[in-house]
Amino acid sequence: MRLAGHSRSAAVGGHYREFENLIERGVILSRGAELYVPLAELKAVTSAETQPITSLEAAERDHIMRARQAAKWIIGGPAGAAAKLGMKRTTLQSKMQKLDISRSS
């Protein structure tokens with residue numbers, strides 16, 4: 001299937017396969033000359049898809065901060081931020097120092 005005047009990458013903001021599947025499903029479900037498109041089956045765009053791209057360092061910093069908050073600012077131990085991030089406590093401490101992350105950040 002091809003949209004007139006559109007390339008695969010430009011079609012529907014990069015969600016070409018989802019759009020293609022939706023149209024194919026509509027063709028299967030439709031009766032007669034009118035195309036029924038099941039719009040209720042479209043998934044909503046998540047906030048992650050609408051957020052601007054940041055630098056890798058900023059994304060890493062944000063991810064570490066969220067893990068620390070989820071762990072109630074505990075770094076080590078089985079419920080600590082390091083365990084939640086799947087890394088050793090010393091590795092997390094090193095990354096935090098490199099990214100200038102402290103509890104007051």
# chains A, B, ... in the order shown; residues from 1 in each chain; ligands from 1
$ residues_around --residues "stretch 57-60 of chain A" --least-positions-apart "3" --cutoff "12 Å" --atoms "only C-alpha atoms" --output "list in words"
Ala48, Gln51, Pro52, Ile53, Thr54, His63, Ile64, Met65, Arg66, Ala67, Leu85, Leu92, Lys95, Met96, Lys98, Leu99, Asp100 and Ile101 of chain A
$ write_last_selection --atoms "C-alpha atoms" --output "tab-separated table (two decimals), in the first residue's frame"
chain	number	residue	atom	x	y	z
A	48	ALA	CA	7.32	10.45	25.54
A	51	GLN	CA	8.64	15.51	24.37
A	52	PRO	CA	11.61	17.17	22.69
A	53	ILE	CA	14.85	15.23	22.32
A	54	THR	CA	17.42	16.16	24.93
A	63	HIS	CA	16.65	9.05	34.72
A	64	ILE	CA	19.01	8.86	37.70
A	65	MET	CA	17.06	11.59	39.52
A	66	ARG	CA	13.77	9.73	39.01
A	67	ALA	CA	15.32	6.47	40.23
A	85	LEU	CA	18.92	1.04	37.55
A	92	LEU	CA	25.92	5.05	40.29
A	95	LYS	CA	27.87	8.78	37.44
A	96	MET	CA	26.23	11.08	39.98
A	98	LYS	CA	30.22	13.16	36.91
A	99	LEU	CA	26.73	14.62	36.34
A	100	ASP	CA	26.93	16.80	39.47
A	101	ILE	CA	23.89	15.16	41.07
$ atom_distance --atom1 "atom CA of A:Met87" --atom2 "atom CA of A:Ser102"
17.9 Å
$ closest_residue --among "A:Gln69, A:Gln97, A:Asn21, A:Thr91" --to "A:Val37" --atoms "only C-alpha atoms"
A:Asn21
$ closest_residue --among "A:Ile74, A:Ile28, A:Ala79, A:Leu39" --to "A:Arg103" --atoms "only C-alpha atoms"
A:Ile74
$ atom_distance --atom1 "atom CA of A:Ser104" --atom2 "atom CA of A:Ser55"
21.9 Å
